[in-house]
Amino acid sequence: MKHPAFNPYLPSWEYVPDGEPYVFDNRVYVYGSHDRFNSYAYCLNDYVCWSAPIDDLGAWRYEGVIFKKTDDPINRDGAACLYAPDVSRGPDGRYYLYYALDHYSLISVAVCDTPAGKYEFYGYVHYPDGTRLGDREGDAFQFDPGVLTEGERTYLYTGFAFGSSPAGPSRGAEVCVLGPDMLTIIEDPRIVAPSKAYAQGTSFEGHAFFEASSIRKNGDTYYFVYSSEKMYELCYATSKDPLSGFVYGGVIVSNNDLGIDTYKPADRPMYYGGNNHGSIVQIGEKWYIFYHRHTNGTNYSRQVCAEEIQIEKDGSIPQVEITSCGLNGGPLPGKGTYGAYIACNLFTEKVESKFTGSMGGNGLWLSADHPIITQDGRDGDEEPGYILNMNEGSTAGFKYFDCKGITKISVMTRGYTRGKLEVKTAWNGEVLGEIQLPHCTIWTKSEAEIHIPDGITALYFTYRGFGNSALLSFTLE
């Protein structure tokens, strides 16, 4: 990589969840919904796009606003939000943006001649008689479109299965087939992955479909990626047929690392989790999973992350750890300054971080003294992210660094504190050094002599003492 890549891979002040990555003409483009910092609801901003060259995944470029919520004819007043979209290149070579507005059980489509230009409203997915998908009696609620075009056929996956009641038409994820106009249904919807109420006795039991449909293909195998009933995990199912026969495969990533047992117990959350949405993509010779994390202690300010994955010879994908180095192609350099916002582990000794928030209200389940990643200013202000609420027993973890000859660590902190930061290379490991923190209201540097063992390692900072500190950055020397 020409530029270091971190998680989140976009700037710390950008909030683009539900990331759908694609490679077009040697650039990676990421499409997603667009949260607002310090928000009270999901997806309040217009769609934007970011892209990076495939050989430099740390050099992300802002492509600008590609579609406004008021561009849809039924939403001229902007009362409805743009939920998670997906993009497909049609048989005519143009790019089609599929999306849903939060008030409506419809799938809207916009079109553009380039991957990240200004998309223009094109129409609504509909049956041959003109009835819009979602309007026909018995249609499921239309939500989270995922699309894949092969030749003149486009497979459209949608679905939302909140709760466990079998009442109503939401039996799981559905797929229908669109014709070459990218709008007209030529094969009616059918279920491809069951919801929790219908999963008993199937391979999906325990990881039933909830939302976040996404579809990819590797060789002759279709990968249906989705968010399960557990919300915080992205799972996959595979089939040789895009319309049927999908079998549950496993968990690809959890945004709180539940299920990972390599460095901690499998049932211990290492970040505050919540809903998840993303997909897999091949960039060069490698495959990656794109997902999102929660910040600011709520559901409503989410950021996109990515991890390298392995697709085994049998088609399976082992679950991967969440890290700070994501798209970097390996550990980060063991010397230099790093923003605290790239913490991939963030928790207290009380382990209250399994979930972030609720589906309603202010979305806040975390207690006021739980550490969170946040920023100063308002939405859109290019202010650096930092960790707030580092108090007794709070730990921030960063993975991984290739360390060699480290003898000093310094941190930038502020806050009314009387305490210290313990430095470790494992969340429950030996304390290698302590950094005494000052009582200060501006960002202030503190340092300590320390020996970090040479090699690839994690770094953990645990606060001990009174008061409440904010952590902006740390420097390895």
# chains A, B, ... in the order shown; residues from 1 in each chain; ligands from 1

call {"tool": "residues_around", "arguments": {"residues": "A:Gln142", "least_positions_apart": "3", "cutoff": "8 Å", "atoms": "only C-alpha atoms", "output": "PyMOL selection string"}}
result
chain A and resi 100+104-107+133-134+145+158-160

call {"tool": "write_last_selection", "arguments": {"atoms": "N, CA and C atoms", "output": "PDB file, in the first residue's frame"}}
result
ATOM      1  N   ALA A 100     -34.346   1.997  -1.053  1.00  0.00           N
ATOM      2  CA  ALA A 100     -35.674   2.062  -0.451  1.00  0.00           C
ATOM      3  C   ALA A 100     -35.746   3.287   0.443  1.00  0.00           C
ATOM      4  N   TYR A 104     -41.736   3.828   2.804  1.00  0.00           N
ATOM      5  CA  TYR A 104     -42.435   3.204   1.690  1.00  0.00           C
ATOM      6  C   TYR A 104     -41.969   1.771   1.459  1.00  0.00           C
ATOM      7  N   SER A 105     -42.913   0.899   1.109  1.00  0.00           N
ATOM      8  CA  SER A 105     -42.589  -0.475   0.757  1.00  0.00           C
ATOM      9  C   SER A 105     -42.408  -0.559  -0.755  1.00  0.00           C
ATOM     10  N   LEU A 106     -41.367   0.117  -1.234  1.00  0.00           N
ATOM     11  CA  LEU A 106     -41.069   0.192  -2.654  1.00  0.00           C
ATOM     12  C   LEU A 106     -39.564   0.083  -2.862  1.00  0.00           C
ATOM     13  N   ILE A 107     -39.161  -0.333  -4.047  1.00  0.00           N
ATOM     14  CA  ILE A 107     -37.755  -0.283  -4.452  1.00  0.00           C
ATOM     15  C   ILE A 107     -37.648   0.722  -5.596  1.00  0.00           C
ATOM     16  N   LEU A 133     -43.679  -3.255  -7.127  1.00  0.00           N
ATOM     17  CA  LEU A 133     -43.318  -4.263  -6.135  1.00  0.00           C
ATOM     18  C   LEU A 133     -43.497  -3.667  -4.749  1.00  0.00           C
ATOM     19  N   GLY A 134     -44.282  -4.351  -3.926  1.00  0.00           N
ATOM     20  CA  GLY A 134     -44.624  -3.833  -2.606  1.00  0.00           C
ATOM     21  C   GLY A 134     -46.058  -3.382  -2.510  1.00  0.00           C
ATOM     22  N   PRO A 145     -32.385  -3.477  -0.699  1.00  0.00           N
ATOM     23  CA  PRO A 145     -32.184  -4.216  -1.950  1.00  0.00           C
ATOM     24  C   PRO A 145     -30.736  -4.635  -2.151  1.00  0.00           C
ATOM     25  N   THR A 158     -34.507  -8.715  -1.543  1.00  0.00           N
ATOM     26  CA  THR A 158     -35.003  -7.744  -0.567  1.00  0.00           C
ATOM     27  C   THR A 158     -35.531  -8.486   0.657  1.00  0.00           C
ATOM     28  N   GLY A 159     -35.812  -7.737   1.715  1.00  0.00           N
ATOM     29  CA  GLY A 159     -36.449  -8.356   2.869  1.00  0.00           C
ATOM     30  C   GLY A 159     -36.133  -7.682   4.177  1.00  0.00           C
ATOM     31  N   PHE A 160     -37.081  -7.822   5.103  1.00  0.00           N
ATOM     32  CA  PHE A 160     -36.930  -7.320   6.462  1.00  0.00           C
ATOM     33  C   PHE A 160     -37.779  -8.202   7.345  1.00  0.00           C
TER      34      PHE A 160
END

call {"tool": "residues_around", "arguments": {"residues": "stretch 380-395 of chain A", "least_positions_apart": "6", "cutoff": "6 Å", "atoms": "only C-alpha atoms", "output": "list in words"}}
result
Ser12, Trp13, Ala340, Tyr341, Leu346, Phe347, Thr348, Glu349, Asp369, Pro371, Ile372, Ile373, Thr374, Phe461, Thr462, Tyr463, Arg464, Gly465, Asn468, Ser469, Ala470, Leu471 and Leu472 of chain A

call {"tool": "select_by_dssp", "arguments": {"residues": "stretch 39-267 of chain A", "states": "strand (DSSP E)", "output": "NGL selection string"}}
result
:A and (47-53 or 61-67 or 86-89 or 95-99 or 108-112 or 120-124 or 146-150 or 153-158 or 172-178 or 185-194 or 209-218 or 221-228 or 233-239 or 247-254)

call {"tool": "closest_residue", "arguments": {"among": "A:Ile317, A:Leu476, A:Ala52, A:Ile409", "to": "A:Thr337", "atoms": "only C-alpha atoms"}}
result
A:Leu476

call {"tool": "closest_residue", "arguments": {"among": "A:Asp102, A:Ser214, A:Ser279, A:Leu183", "to": "A:Glu152", "atoms": "only C-alpha atoms"}}
result
A:Leu183

call {"tool": "closest_residue", "arguments": {"among": "A:Tyr98, A:Tyr29, A:Tyr40, A:Phe209", "to": "A:Tyr236", "atoms": "only C-alpha atoms"}}
result
A:Phe209

call {"tool": "residues_around", "arguments": {"residues": "stretch 405-408 of chain A", "least_positions_apart": "4", "cutoff": "8 Å", "atoms": "only C-alpha atoms", "output": "number ranges by chain"}}
result
A: 334-335, 447-454, 476-477

call {"tool": "write_last_selection", "arguments": {"atoms": "N, CA and C atoms", "output": "mmCIF file, in the first residue's frame"}}
result
data_model
loop_
_atom_site.group_PDB
_atom_site.id
_atom_site.type_symbol
_atom_site.label_atom_id
_atom_site.label_comp_id
_atom_site.auth_asym_id
_atom_site.auth_seq_id
_atom_site.Cartn_x
_atom_site.Cartn_y
_atom_site.Cartn_z
ATOM 1 N N GLY A 334 5.076 -0.241 13.303
ATOM 2 C CA GLY A 334 5.185 -0.175 14.761
ATOM 3 C C GLY A 334 5.762 1.108 15.280
ATOM 4 N N LYS A 335 5.884 2.110 14.456
ATOM 5 C CA LYS A 335 6.304 3.429 14.910
ATOM 6 C C LYS A 335 5.436 4.488 14.247
ATOM 7 N N GLU A 447 3.840 10.937 28.436
ATOM 8 C CA GLU A 447 4.641 9.863 27.882
ATOM 9 C C GLU A 447 5.250 9.012 28.975
ATOM 10 N N ALA A 448 5.744 7.858 28.561
ATOM 11 C CA ALA A 448 6.395 6.945 29.503
ATOM 12 C C ALA A 448 7.377 6.074 28.739
ATOM 13 N N GLU A 449 8.447 5.703 29.420
ATOM 14 C CA GLU A 449 9.387 4.733 28.856
ATOM 15 C C GLU A 449 8.751 3.345 28.947
ATOM 16 N N ILE A 450 8.928 2.562 27.913
ATOM 17 C CA ILE A 450 8.306 1.242 27.894
ATOM 18 C C ILE A 450 9.025 0.362 26.890
ATOM 19 N N HIS A 451 8.990 -0.929 27.119
ATOM 20 C CA HIS A 451 9.550 -1.863 26.153
ATOM 21 C C HIS A 451 8.419 -2.733 25.616
ATOM 22 N N ILE A 452 8.139 -2.580 24.310
ATOM 23 C CA ILE A 452 7.166 -3.431 23.633
ATOM 24 C C ILE A 452 7.937 -4.539 22.923
ATOM 25 N N PRO A 453 7.627 -5.787 23.177
ATOM 26 C CA PRO A 453 8.355 -6.874 22.515
ATOM 27 C C PRO A 453 8.302 -6.748 21.000
ATOM 28 N N ASP A 454 9.413 -7.063 20.350
ATOM 29 C CA ASP A 454 9.463 -7.016 18.896
ATOM 30 C C ASP A 454 8.514 -8.051 18.302
ATOM 31 N N LEU A 476 4.073 5.767 19.039
ATOM 32 C CA LEU A 476 5.062 4.737 19.337
ATOM 33 C C LEU A 476 6.427 5.223 18.870
ATOM 34 N N GLU A 477 7.419 5.159 19.759
ATOM 35 C CA GLU A 477 8.768 5.630 19.401
ATOM 36 C C GLU A 477 9.801 4.584 19.817
#

call {"tool": "closest_residue", "arguments": {"among": "A:Gln375, A:Asp267, A:Glu211, A:Trp60", "to": "A:Gly297", "atoms": "only C-alpha atoms"}}
result
A:Gln375

call {"tool": "closest_residue", "arguments": {"among": "A:Asn276, A:Gln436, A:Gln319, A:Thr457", "to": "A:Pro17", "atoms": "only C-alpha atoms"}}
result
A:Asn276

call {"tool": "atom_distance", "arguments": {"atom1": "atom CA of A:Cys176", "atom2": "atom CA of A:Ser254"}}
result
28.4 Å

call {"tool": "atom_distance", "arguments": {"atom1": "atom CA of A:Ser244", "atom2": "atom CA of A:Gly274"}}
result
29.1 Å

call {"tool": "residues_around", "arguments": {"residues": "A:Ser170", "least_positions_apart": "5", "cutoff": "12 Å", "atoms": "only C-alpha atoms", "output": "list of chain:residue names"}}
result
A:Gly134, A:Gly138, A:Asp139, A:Ala140, A:Phe141, A:Gln142, A:Phe143, A:Thr158, A:Gly159, A:Phe160, A:Ala161, A:Phe162, A:Gly163, A:Ser164, A:Ser165, A:Pro189, A:Arg190, A:Ile191, A:Ala193, A:Pro194, A:Ser195, A:Lys196, A:Ala197, A:Tyr198, A:Phe209, A:Phe210, A:Glu211

call {"tool": "write_last_selection", "arguments": {"atoms": "N, CA and C atoms", "output": "short mmCIF file (atom, residue, chain, number, x, y, z; two decimals), in the first residue's frame"}}
result
data_model
loop_
_atom_site.label_atom_id
_atom_site.label_comp_id
_atom_site.auth_asym_id
_atom_site.auth_seq_id
_atom_site.Cartn_x
_atom_site.Cartn_y
_atom_site.Cartn_z
N GLY A 134 -44.28 -4.35 -3.93
CA GLY A 134 -44.62 -3.83 -2.61
C GLY A 134 -46.06 -3.38 -2.51
N GLY A 138 -50.22 -9.19 -0.67
CA GLY A 138 -49.35 -10.31 -0.33
C GLY A 138 -47.88 -10.02 -0.49
N ASP A 139 -47.52 -8.90 -1.09
CA ASP A 139 -46.10 -8.55 -1.22
C ASP A 139 -45.48 -8.31 0.15
N ALA A 140 -44.25 -8.74 0.31
CA ALA A 140 -43.50 -8.47 1.53
C ALA A 140 -43.06 -7.01 1.57
N PHE A 141 -42.73 -6.53 2.76
CA PHE A 141 -42.21 -5.18 2.91
C PHE A 141 -40.87 -5.07 2.20
N GLN A 142 -40.73 -4.06 1.37
CA GLN A 142 -39.53 -3.90 0.54
C GLN A 142 -38.46 -3.11 1.28
N PHE A 143 -37.26 -3.69 1.35
CA PHE A 143 -36.25 -3.14 2.26
C PHE A 143 -34.89 -3.70 1.86
N THR A 158 -34.51 -8.72 -1.54
CA THR A 158 -35.00 -7.74 -0.57
C THR A 158 -35.53 -8.49 0.66
N GLY A 159 -35.81 -7.74 1.72
CA GLY A 159 -36.45 -8.36 2.87
C GLY A 159 -36.13 -7.68 4.18
N PHE A 160 -37.08 -7.82 5.10
CA PHE A 160 -36.93 -7.32 6.46
C PHE A 160 -37.78 -8.20 7.35
N ALA A 161 -37.16 -8.80 8.36
CA ALA A 161 -37.87 -9.80 9.17
C ALA A 161 -37.67 -9.50 10.65
N PHE A 162 -38.13 -8.35 11.08
CA PHE A 162 -37.99 -7.98 12.48
C PHE A 162 -38.98 -8.78 13.32
N GLY A 163 -38.49 -9.30 14.46
CA GLY A 163 -39.35 -10.07 15.34
C GLY A 163 -39.44 -11.52 14.91
N SER A 164 -40.18 -12.31 15.68
CA SER A 164 -40.25 -13.74 15.43
C SER A 164 -41.65 -14.23 15.09
N SER A 165 -42.61 -13.33 14.96
CA SER A 165 -43.97 -13.75 14.67
C SER A 165 -44.12 -14.18 13.23
N PRO A 189 -41.32 -12.87 -6.93
CA PRO A 189 -40.49 -13.12 -5.74
C PRO A 189 -40.69 -14.51 -5.16
N ARG A 190 -39.60 -15.05 -4.61
CA ARG A 190 -39.63 -16.33 -3.90
C ARG A 190 -38.63 -16.25 -2.75
N ILE A 191 -38.86 -17.02 -1.71
CA ILE A 191 -38.01 -17.00 -0.51
C ILE A 191 -36.69 -17.72 -0.79
N ALA A 193 -34.05 -17.25 1.94
CA ALA A 193 -33.48 -17.44 3.28
C ALA A 193 -34.58 -17.13 4.29
N PRO A 194 -34.89 -18.05 5.21
CA PRO A 194 -36.03 -17.87 6.11
C PRO A 194 -35.75 -16.90 7.24
N SER A 195 -36.80 -16.28 7.72
CA SER A 195 -36.73 -15.50 8.94
C SER A 195 -36.73 -16.44 10.14
N LYS A 196 -36.56 -15.88 11.34
CA LYS A 196 -36.47 -16.69 12.55
C LYS A 196 -37.71 -17.57 12.74
N ALA A 197 -38.86 -17.03 12.41
CA ALA A 197 -40.10 -17.78 12.63
C ALA A 197 -40.23 -18.99 11.72
N TYR A 198 -39.46 -19.04 10.66
CA TYR A 198 -39.57 -20.13 9.69
C TYR A 198 -38.27 -20.92 9.55
N PHE A 209 -32.44 -15.14 8.75
CA PHE A 209 -32.38 -13.85 8.07
C PHE A 209 -33.11 -12.77 8.86
N PHE A 210 -32.46 -11.61 8.94
CA PHE A 210 -33.08 -10.43 9.56
C PHE A 210 -33.22 -9.30 8.55
N GLU A 211 -32.10 -8.89 7.93
CA GLU A 211 -32.11 -7.79 6.96
C GLU A 211 -30.77 -7.79 6.22
#

call {"tool": "residues_around", "arguments": {"residues": "stretch 217-222 of chain A", "least_positions_apart": "3", "cutoff": "10 Å", "atoms": "only C-alpha atoms", "output": "PyMOL selection string"}}
result
chain A and resi 148+225+236-243+246+280-282+311+315

call {"tool": "atom_distance", "arguments": {"atom1": "atom CA of A:Asn345", "atom2": "atom CA of A:Trp50"}}
result
25.4 Å

call {"tool": "closest_residue", "arguments": {"among": "A:Val247, A:Cys49, A:Val423, A:Met270", "to": "A:His34", "atoms": "only C-alpha atoms"}}
result
A:Cys49

call {"tool": "residues_around", "arguments": {"residues": "A:Tyr62", "least_positions_apart": "5", "cutoff": "12 Å", "atoms": "only C-alpha atoms", "output": "list in words"}}
result
Leu10, Pro11, Glu14, Val16, Tyr29, Val30, Tyr31, Tyr47, Val48, Cys49, Trp50, Ser51, Ala52, Ala116 and Gly117 of chain A

call {"tool": "write_last_selection", "arguments": {"atoms": "N, CA and C atoms", "output": "PDB file, in the first residue's frame"}}
result
ATOM      1  N   LEU A  10     -12.581   5.271   5.938  1.00  0.00           N
ATOM      2  CA  LEU A  10     -12.895   6.640   5.550  1.00  0.00           C
ATOM      3  C   LEU A  10     -12.494   7.588   6.679  1.00  0.00           C
ATOM      4  N   PRO A  11     -12.462   8.893   6.433  1.00  0.00           N
ATOM      5  CA  PRO A  11     -12.088   9.828   7.500  1.00  0.00           C
ATOM      6  C   PRO A  11     -12.927   9.644   8.756  1.00  0.00           C
ATOM      7  N   GLU A  14     -16.543  10.888   8.855  1.00  0.00           N
ATOM      8  CA  GLU A  14     -17.512  10.441   7.854  1.00  0.00           C
ATOM      9  C   GLU A  14     -18.266   9.223   8.360  1.00  0.00           C
ATOM     10  N   VAL A  16     -20.663   6.522   6.853  1.00  0.00           N
ATOM     11  CA  VAL A  16     -21.286   5.817   5.726  1.00  0.00           C
ATOM     12  C   VAL A  16     -21.403   4.341   6.091  1.00  0.00           C
ATOM     13  N   TYR A  29     -15.310   1.220  -5.467  1.00  0.00           N
ATOM     14  CA  TYR A  29     -16.345   2.186  -5.111  1.00  0.00           C
ATOM     15  C   TYR A  29     -17.188   1.606  -3.991  1.00  0.00           C
ATOM     16  N   VAL A  30     -17.491   2.435  -3.004  1.00  0.00           N
ATOM     17  CA  VAL A  30     -18.332   1.993  -1.899  1.00  0.00           C
ATOM     18  C   VAL A  30     -19.594   2.847  -1.863  1.00  0.00           C
ATOM     19  N   TYR A  31     -20.726   2.143  -1.922  1.00  0.00           N
ATOM     20  CA  TYR A  31     -22.035   2.777  -1.850  1.00  0.00           C
ATOM     21  C   TYR A  31     -22.668   2.385  -0.519  1.00  0.00           C
ATOM     22  N   TYR A  47     -27.103  10.345  -0.248  1.00  0.00           N
ATOM     23  CA  TYR A  47     -26.104   9.363  -0.651  1.00  0.00           C
ATOM     24  C   TYR A  47     -24.824  10.053  -1.139  1.00  0.00           C
ATOM     25  N   VAL A  48     -23.698   9.556  -0.659  1.00  0.00           N
ATOM     26  CA  VAL A  48     -22.396   9.968  -1.169  1.00  0.00           C
ATOM     27  C   VAL A  48     -21.647   8.723  -1.616  1.00  0.00           C
ATOM     28  N   CYS A  49     -20.550   8.923  -2.324  1.00  0.00           N
ATOM     29  CA  CYS A  49     -19.728   7.800  -2.759  1.00  0.00           C
ATOM     30  C   CYS A  49     -18.266   8.132  -2.501  1.00  0.00           C
ATOM     31  N   TRP A  50     -17.511   7.107  -2.133  1.00  0.00           N
ATOM     32  CA  TRP A  50     -16.068   7.198  -1.971  1.00  0.00           C
ATOM     33  C   TRP A  50     -15.428   6.104  -2.821  1.00  0.00           C
ATOM     34  N   SER A  51     -14.219   6.373  -3.300  1.00  0.00           N
ATOM     35  CA  SER A  51     -13.529   5.356  -4.096  1.00  0.00           C
ATOM     36  C   SER A  51     -12.033   5.398  -3.822  1.00  0.00           C
ATOM     37  N   ALA A  52     -11.354   4.307  -4.182  1.00  0.00           N
ATOM     38  CA  ALA A  52      -9.903   4.202  -3.998  1.00  0.00           C
ATOM     39  C   ALA A  52      -9.337   3.336  -5.114  1.00  0.00           C
ATOM     40  N   ALA A 116     -19.875   6.999 -10.218  1.00  0.00           N
ATOM     41  CA  ALA A 116     -20.059   7.941  -9.113  1.00  0.00           C
ATOM     42  C   ALA A 116     -20.425   9.341  -9.588  1.00  0.00           C
ATOM     43  N   GLY A 117     -21.193   9.408 -10.653  1.00  0.00           N
ATOM     44  CA  GLY A 117     -21.681  10.702 -11.101  1.00  0.00           C
ATOM     45  C   GLY A 117     -22.992  11.054 -10.430  1.00  0.00           C
TER      46      GLY A 117
END

call {"tool": "select_by_dssp", "arguments": {"residues": "stretch 72-201 of chain A", "states": "helix (DSSP H, G or I)", "output": "ChimeraX atom specification"}}
result
/A:73-75,196-198

call {"tool": "write_last_selection", "arguments": {"atoms": "C-alpha atoms", "output": "compact mmCIF listing (two decimals), in the first residue's frame"}}
result
# COMPACT_ATOMS: atom_id res chain seq x y z
CA PRO A 73 -40.65 12.02 -6.86
CA ILE A 74 -42.53 10.74 -3.81
CA ASN A 75 -40.11 12.41 -1.41
CA LYS A 196 -36.47 -16.69 12.55
CA ALA A 197 -40.10 -17.78 12.63
CA TYR A 198 -39.57 -20.13 9.69

call {"tool": "decode", "arguments": {"residues": "stretch 401-416 of chain A", "atoms": "N, CA and C atoms", "output": "mmCIF file, in the first residue's frame"}}
result
data_model
loop_
_atom_site.group_PDB
_atom_site.id
_atom_site.type_symbol
_atom_site.label_atom_id
_atom_site.label_comp_id
_atom_site.auth_asym_id
_atom_site.auth_seq_id
_atom_site.Cartn_x
_atom_site.Cartn_y
_atom_site.Cartn_z
ATOM 1 N N PHE A 401 0.170 -4.185 15.100
ATOM 2 C CA PHE A 401 1.340 -3.384 14.768
ATOM 3 C C PHE A 401 2.555 -4.302 14.643
ATOM 4 N N ASP A 402 3.436 -3.943 13.718
ATOM 5 C CA ASP A 402 4.705 -4.651 13.561
ATOM 6 C C ASP A 402 5.763 -3.842 14.302
ATOM 7 N N CYS A 403 5.987 -4.192 15.553
ATOM 8 C CA CYS A 403 6.844 -3.392 16.437
ATOM 9 C C CYS A 403 8.288 -3.877 16.401
ATOM 10 N N LYS A 404 9.193 -2.918 16.523
ATOM 11 C CA LYS A 404 10.611 -3.230 16.604
ATOM 12 C C LYS A 404 11.328 -2.079 17.306
ATOM 13 N N GLY A 405 11.921 -2.392 18.429
ATOM 14 C CA GLY A 405 12.704 -1.396 19.145
ATOM 15 C C GLY A 405 11.899 -0.286 19.792
ATOM 16 N N ILE A 406 10.644 -0.550 20.186
ATOM 17 C CA ILE A 406 9.823 0.482 20.824
ATOM 18 C C ILE A 406 10.260 0.657 22.279
ATOM 19 N N THR A 407 10.605 1.890 22.626
ATOM 20 C CA THR A 407 11.050 2.180 23.997
ATOM 21 C C THR A 407 10.246 3.283 24.663
ATOM 22 N N LYS A 408 9.322 3.914 23.920
ATOM 23 C CA LYS A 408 8.556 5.023 24.500
ATOM 24 C C LYS A 408 7.172 5.067 23.872
ATOM 25 N N ILE A 409 6.157 5.367 24.692
ATOM 26 C CA ILE A 409 4.796 5.606 24.225
ATOM 27 C C ILE A 409 4.330 6.935 24.799
ATOM 28 N N SER A 410 3.720 7.757 23.952
ATOM 29 C CA SER A 410 3.097 8.992 24.413
ATOM 30 C C SER A 410 1.645 9.017 23.969
ATOM 31 N N VAL A 411 0.817 9.730 24.714
ATOM 32 C CA VAL A 411 -0.604 9.843 24.413
ATOM 33 C C VAL A 411 -1.015 11.300 24.495
ATOM 34 N N MET A 412 -2.072 11.643 23.756
ATOM 35 C CA MET A 412 -2.701 12.953 23.853
ATOM 36 C C MET A 412 -4.059 12.763 24.516
ATOM 37 N N THR A 413 -4.250 13.385 25.682
ATOM 38 C CA THR A 413 -5.501 13.237 26.426
ATOM 39 C C THR A 413 -5.986 14.592 26.924
ATOM 40 N N ARG A 414 -7.233 14.621 27.365
ATOM 41 C CA ARG A 414 -7.775 15.773 28.076
ATOM 42 C C ARG A 414 -8.854 15.270 29.022
ATOM 43 N N GLY A 415 -9.180 16.073 30.022
ATOM 44 C CA GLY A 415 -10.238 15.691 30.946
ATOM 45 C C GLY A 415 -9.874 15.908 32.393
ATOM 46 N N TYR A 416 -10.889 15.897 33.233
ATOM 47 C CA TYR A 416 -10.696 16.015 34.680
ATOM 48 C C TYR A 416 -10.358 14.637 35.224
#
